[in-house]
Amino acid sequence: MANNQLLTQNFFRHVAQTSDDPMGIPIDHAEGMYVYATDGKKYIDLVAGISVCNMGHSHPAIVKAVQEQVAKYMHVMVYGEVIQQPQVELATLLCSFLPQELSTAFFVNSGSEAVEGGLKLAKRATGRHEIIHCNHAYHGCTHGAMSVMGCDSFRHAFEPLLPNTRAIRFGVEEDLKLITDKTACFIVEPVQGEGGIQTADKPYWQAVRKRCTETGTMLIFDEIQTGLGRTGKLFAFEHYDIKPDILLLAKAFGGGLPLGAFIASSQIMELLTHDPALGHISTFGGHPVSCAAALAHLKLITDNKIWEHVEEKGEALENIFRQLPNIKEIRRKGLMMALDFKESSYCLKMDKKFLEIGLLTDWFLFCDTALRIAPPLIISEKEIQEIDHILKQKLIE
């Protein structure tokens, strides 16, 4: 107990905080669908580290890949200079599941960095400066990424940000006319994550692709939360029969380790090699240990076609959560779900209640009336029934 108290004290004393009310759970270990605290309490993980641990925690194949790579080498040189097998194998396998137009991956450390790289690449490729994004969009917290964040209250304290950015309404076809021949790129999430799981129909996405093609605008799909099977397809753009010009990945892409990527055609990506040379560069981008974990993770997902069962699992969970008291709306795409109570104070109360009964959830940055449900994709029928039992025993009268 004394060690736990000291650990908690030092957490608040020496680790920079991101909010004034963090969960504050001292973690001992995690395995599969479960996270275990140092006091022995077990939590069913319903957020997967915010759509990161798609194959669950501490998967033996990923652990083995990391251990084997660490024993060979870790950092040896800045990104792009020497041939590192984990990077090459990961890029090759990844691109084999993508359209031919998305043939070249630039590996970075995080989602925000993937966004930064994608924005730079679009401006370099088009020679244009204007960037269009959506209201309630979240693309990261670095200055460039925050410039295309669709929430003014989060941006104001850090302004001025990038000039020539413009927000349009998500899913509203009429607003697409604001994409013009002056627009370098339209950056958009296929499912708005921090906006509270907002979706748009296929005709909208077809119109997006058409408008970007007509105006010579680069379409950047931010699949940092949706990629790697989360929506019921390996990549969310597959639902809509379109192809982005630049694809952004992170979160689940690293298999639990820090890794991001922006992906485009070889012709477009080649522009970063000259005028100037080293147009984008990263010391730790595509770290070999992260790439080894990502490769093992991608093999697990694709060998098992894990996305094929995502929709039925999402539907089963949705039916369970519909029994909650005061639930007003559930929005869902695959295993991305928002439980909306339409009242922020009640949502916060439910978030804490879930934690008390051993269910690890979270809220959304731009939708504080809803709880996030995004469990590892490996969640089984047994674990779904366990959740049902806990809720009926503790919350559903």
# chains A, B, ... in the order shown; residues from 1 in each chain; ligands from 1

call {"tool": "select_by_dssp", "arguments": {"residues": "stretch 206-326 of chain A", "states": "strand (DSSP E or B)", "output": "list in words"}}
result
Met218, Leu219, Ile220, Phe221, Asp222, Ile246, Leu247, Leu248, Leu249, Gly260, Ala261, Phe262, Ile263 and Ala264 of chain A

call {"tool": "write_last_selection", "arguments": {"atoms": "N, CA and C atoms", "output": "JSON list (two decimals), in the first residue's frame"}}
result
[["chain", "number", "residue", "atom", "x", "y", "z"],
["A", 218, "MET", "N", -5.76, 17.74, -52.92],
["A", 218, "MET", "CA", -5.37, 16.46, -52.33],
["A", 218, "MET", "C", -6.37, 16.08, -51.23],
["A", 219, "LEU", "N", -6.89, 14.87, -51.32],
["A", 219, "LEU", "CA", -7.80, 14.36, -50.28],
["A", 219, "LEU", "C", -6.98, 13.57, -49.27],
["A", 220, "ILE", "N", -6.92, 14.07, -48.04],
["A", 220, "ILE", "CA", -6.19, 13.41, -46.97],
["A", 220, "ILE", "C", -7.19, 12.73, -46.05],
["A", 221, "PHE", "N", -7.10, 11.41, -45.95],
["A", 221, "PHE", "CA", -7.96, 10.66, -45.03],
["A", 221, "PHE", "C", -7.19, 10.37, -43.75],
["A", 222, "ASP", "N", -7.66, 10.94, -42.66],
["A", 222, "ASP", "CA", -7.07, 10.70, -41.35],
["A", 222, "ASP", "C", -7.72, 9.45, -40.76],
["A", 246, "ILE", "N", -3.75, 10.87, -49.87],
["A", 246, "ILE", "CA", -2.81, 10.68, -48.77],
["A", 246, "ILE", "C", -3.59, 10.00, -47.63],
["A", 247, "LEU", "N", -3.02, 8.95, -47.10],
["A", 247, "LEU", "CA", -3.64, 8.21, -45.99],
["A", 247, "LEU", "C", -2.77, 8.38, -44.75],
["A", 248, "LEU", "N", -3.41, 8.67, -43.62],
["A", 248, "LEU", "CA", -2.70, 8.85, -42.36],
["A", 248, "LEU", "C", -3.05, 7.71, -41.40],
["A", 249, "LEU", "N", -2.01, 7.12, -40.79],
["A", 249, "LEU", "CA", -2.20, 6.05, -39.82],
["A", 249, "LEU", "C", -1.39, 6.34, -38.57],
["A", 260, "GLY", "N", 3.54, 6.14, -36.49],
["A", 260, "GLY", "CA", 2.57, 6.71, -37.40],
["A", 260, "GLY", "C", 3.11, 6.63, -38.81],
["A", 261, "ALA", "N", 2.26, 6.98, -39.77],
["A", 261, "ALA", "CA", 2.70, 6.98, -41.17],
["A", 261, "ALA", "C", 1.80, 7.88, -41.99],
["A", 262, "PHE", "N", 2.39, 8.53, -42.98],
["A", 262, "PHE", "CA", 1.58, 9.12, -44.05],
["A", 262, "PHE", "C", 1.98, 8.42, -45.34],
["A", 263, "ILE", "N", 0.98, 8.08, -46.12],
["A", 263, "ILE", "CA", 1.15, 7.18, -47.27],
["A", 263, "ILE", "C", 0.59, 7.85, -48.51],
["A", 264, "ALA", "N", 1.33, 7.79, -49.60],
["A", 264, "ALA", "CA", 0.90, 8.39, -50.86],
["A", 264, "ALA", "C", 1.55, 7.64, -52.01]]

call {"tool": "select_by_dssp", "arguments": {"residues": "stretch 133-200 of chain A", "states": "helix (DSSP H, G or I)", "output": "JSON, numbers by chain"}}
result
{"A": [143, 144, 145, 146, 147, 152, 153, 154, 155, 156, 157, 158, 173, 174, 175, 176, 177, 178]}

call {"tool": "residues_around", "arguments": {"residues": "A:Lys41", "least_positions_apart": "3", "cutoff": "10 Å", "atoms": "only C-alpha atoms", "output": "PyMOL selection string"}}
result
chain A and resi 25+27-28+35-38+356-358

call {"tool": "closest_atom_pairs", "arguments": {"of": "stretch 110-185 of chain A", "to": "stretch 277-286 of chain A", "cutoff": "9 Å", "atoms": "only C-alpha atoms", "output": "Markdown table"}}
result
| residue | atom | partner | partner_atom | distance |
| --- | --- | --- | --- | --- |
| A:Ser110 | CA | A:Gly285 | CA | 8.7 |
| A:Gly117 | CA | A:His280 | CA | 7.0 |
| A:Lys120 | CA | A:His280 | CA | 8.3 |
| A:Leu121 | CA | A:His280 | CA | 8.7 |

call {"tool": "write_last_selection", "arguments": {"atoms": "N, CA and C atoms", "output": "compact mmCIF listing (two decimals), in the first residue's frame"}}
result
# COMPACT_ATOMS: atom_id res chain seq x y z
N SER A 110 4.11 9.37 -34.47
CA SER A 110 2.81 9.58 -33.85
C SER A 110 1.78 10.02 -34.88
N GLY A 117 3.16 15.67 -41.61
CA GLY A 117 3.76 15.22 -42.85
C GLY A 117 2.79 15.26 -44.01
N LYS A 120 2.21 18.94 -45.12
CA LYS A 120 3.37 19.43 -45.85
C LYS A 120 3.43 18.84 -47.26
N LEU A 121 3.16 17.55 -47.35
CA LEU A 121 3.22 16.88 -48.65
C LEU A 121 2.18 17.46 -49.61

call {"tool": "closest_residue", "arguments": {"among": "A:Gly144, A:Gly227, A:Gly216, A:Gly111", "to": "A:Val191", "atoms": "only C-alpha atoms"}}
result
A:Gly227

call {"tool": "atom_distance", "arguments": {"atom1": "atom CA of A:Arg155", "atom2": "atom CA of A:Asp20"}}
result
18.7 Å

call {"tool": "atom_distance", "arguments": {"atom1": "atom CA of A:Gly232", "atom2": "atom CA of A:Ala200"}}
result
15.5 Å

call {"tool": "residues_around", "arguments": {"residues": "A:Gly150", "least_positions_apart": "6", "cutoff": "7 Å", "atoms": "only C-alpha atoms", "output": "ChimeraX atom specification"}}
result
/A:134-138,167

call {"tool": "residues_around", "arguments": {"residues": "stretch 68-71 of chain A", "least_positions_apart": "5", "cutoff": "12 Å", "atoms": "only C-alpha atoms", "output": "ChimeraX atom specification"}}
result
/A:61-63,76,84-87,287-296

call {"tool": "closest_residue", "arguments": {"among": "A:Glu383, A:Glu116, A:Asp362, A:Asp303", "to": "A:Leu93", "atoms": "only C-alpha atoms"}}
result
A:Asp303

call {"tool": "residues_around", "arguments": {"residues": "A:Glu101", "least_positions_apart": "5", "cutoff": "12 Å", "atoms": "only C-alpha atoms", "output": "number ranges by chain"}}
result
A: 95-96, 242-247, 263-269

call {"tool": "closest_residue", "arguments": {"among": "A:Asn164, A:Ser153, A:Gln100, A:Thr369", "to": "A:Lys342", "atoms": "only C-alpha atoms"}}
result
A:Thr369

call {"tool": "residues_around", "arguments": {"residues": "A:Asn3", "least_positions_apart": "5", "cutoff": "12 Å", "atoms": "only C-alpha atoms", "output": "list in words"}}
result
Thr8, Gln9, Asn10, Pro26, Thr38 and Asp39 of chain A

call {"tool": "closest_residue", "arguments": {"among": "A:Ile384, A:Leu324, A:Cys212, A:Ala250", "to": "A:Glu312", "atoms": "only C-alpha atoms"}}
result
A:Ile384

call {"tool": "closest_residue", "arguments": {"among": "A:Leu359, A:Cys151, A:Val208, A:Ala91", "to": "A:Ile44", "atoms": "only C-alpha atoms"}}
result
A:Leu359
